Amino acid sequence: MAAAVRKMSLTLQVMLGMGLGIVVGLVFNAIGSDFIAEHVTGGLFAMLGKMFVNALKMLVVPLVVFSLICGVAGIGDIRALGRVGGKSFALYLATTAIAIAVAIALALVVGPGIGFDMAGVDTSGVTAKAAPTVWDVFAAIVPTNPIAAFAQGEMLQIIFYVIVVGVAALMLGEKSSGFVAACEYMNELMMKVVQIVMAFAPIGVFCLIAKTFAEQGIELFLPVLAYVLTLTAALLIHLFGTLMLILRALSGLNPLVFMRKIRPAQVFAFSTASSNATIPVTYRCVTERIGADQSVASFTVPFGATINMDGTAIMQGVATVFLANVYGIDLGVGGYLTVIAMAVLASIGTAGVPGVGLVMLTMVLGQVGLPIEGIAIILGVDRLMDMIRTAVNITGDAVVSTIVAKGEGKLDMAVFEDPDAGVMTDEHLGIDPTAEAKLAGLAHPRPGE
């Protein structure tokens, strides 16, 4: 049995862990035991789940730094780097704007929130966050202290600083060969660390999913069922419809093959509800499964995890229509255009972490004059919906990365068309005894050597 599990692909192991977590979580929720809530879901599962997410986040900054430096060196042409950045930025903003426009259109047709009963809804404790100006958003990209940016995980600032360092290394020419070689080794080393962490993914995903469903249950969905169904439909339309049409139109690639290749990252995004924590998995899928060159993916993947919020924008569109219907306020065409513009702007300056959608929603609601307190209505179901929209977010990152790589001639079609490319099992984590002995000899040389 254990041997069969080891030979099973990591994706299948994780999906089994996720399915089992849903079942166990719902059973625990139905039991309603205080002991289980305190010591199992709130204790053991919470601890293991948090450890797994922390381990993923631990990988993000070093992986982005070394892969991006190697990517800049690999491109070798500053103009090509500018092209990759420009294409990525334009596509990310375009997909976000399309996502929220489709969401608003669908919500206006369905009309969630009409006739909603506000009785019993506690709207206290919800505070608004001021919307940043476009100038503030772009000014904040340049870090005042790179070390602080690394420590705090400020992804846009990290990307900016590392690109500057990479460009400077190119300008130094031959002198940088040792530095680039060291970064290439560190990049390979970090990818191996990614494999080690992901070996524990089935356990981590099981604990995260079981805890979420044990705490949330099903009953929270009933009062806002129209909102949940509309939001889910909008997310699925964008995931399987809009993004796949864009991929097909701009790259000519087969969307079905793409969806099979990106599935591991979608599963991780669903379980962690964090685009940033999923960066190592998304990067690995885009490079090893889809075939994008690291010179493109090292920039587009972390960049997308920071500014590309398709799923979050969809939530904002549906939530805005829902709350406008709840309060009986007609926003009009101008109001909804403002929502689209605000969602796109907010997505640029907001980190890809769990719960960020609600922070962005307070900015949007404040701009169109809707009561901020209305967020309390959808607060209970936001965690589970956040899981779905994060999977949509990272799929958008991968779509744009693939399109840009294909357009730049940096997509290995042999890898893309190979169904087994990049598939990892536990067998990939073995240590070569001969290499281990050699390394031990280097670390502890015998007398006289």
# chains A, B, ... in the order shown; residues from 1 in each chain; ligands from 1
call {"tool": "residues_around", "arguments": {"residues": "Glu154 (chain A)", "least_positions_apart": "5", "cutoff": "12 Å", "atoms": "only C-alpha atoms", "output": "ChimeraX atom specification"}}
result
/A:60-61,64,140-149,159-161,276,302-303,305-307,349-353
call {"tool": "closest_residue", "arguments": {"among": "A:His238, A:Arg260, A:Lys192, A:Lys57", "to": "Leu12 (chain A)", "atoms": "only C-alpha atoms"}}
result
A:Arg260
call {"tool": "residues_around", "arguments": {"residues": "Gln367 (chain A)", "least_positions_apart": "4", "cutoff": "9 Å", "atoms": "only C-alpha atoms", "output": "ChimeraX atom specification"}}
result
/A:131,335,338-339,342,362-363
call {"tool": "write_last_selection", "arguments": {"atoms": "N, CA and C atoms", "output": "CSV table (one decimal), in the first residue's frame"}}
result
chain,number,residue,atom,x,y,z
A,131,ALA,N,-8.6,54.1,-0.1
A,131,ALA,CA,-8.1,53.6,-1.4
A,131,ALA,C,-6.8,54.4,-1.8
A,335,GLY,N,-21.4,54.2,-11.7
A,335,GLY,CA,-21.0,53.5,-10.5
A,335,GLY,C,-20.2,52.2,-10.8
A,338,THR,N,-16.8,52.7,-12.1
A,338,THR,CA,-16.0,53.1,-11.0
A,338,THR,C,-15.5,51.8,-10.3
A,339,VAL,N,-16.4,50.9,-10.1
A,339,VAL,CA,-16.0,49.6,-9.5
A,339,VAL,C,-15.0,48.9,-10.3
A,342,MET,N,-11.6,50.8,-9.9
A,342,MET,CA,-11.1,50.7,-8.5
A,342,MET,C,-10.5,49.3,-8.3
A,362,THR,N,-13.5,46.9,0.8
A,362,THR,CA,-13.8,48.1,1.5
A,362,THR,C,-13.5,49.4,0.7
A,363,MET,N,-12.4,49.3,-0.1
A,363,MET,CA,-12.0,50.5,-0.9
A,363,MET,C,-13.0,50.7,-2.0
call {"tool": "select_by_dssp", "arguments": {"residues": "region 288-408 of chain A", "states": "alpha helix (DSSP H)", "output": "PyMOL selection string"}}
result
chain A and resi 294-307+310-327+332-348+356-368+375-378+382-407
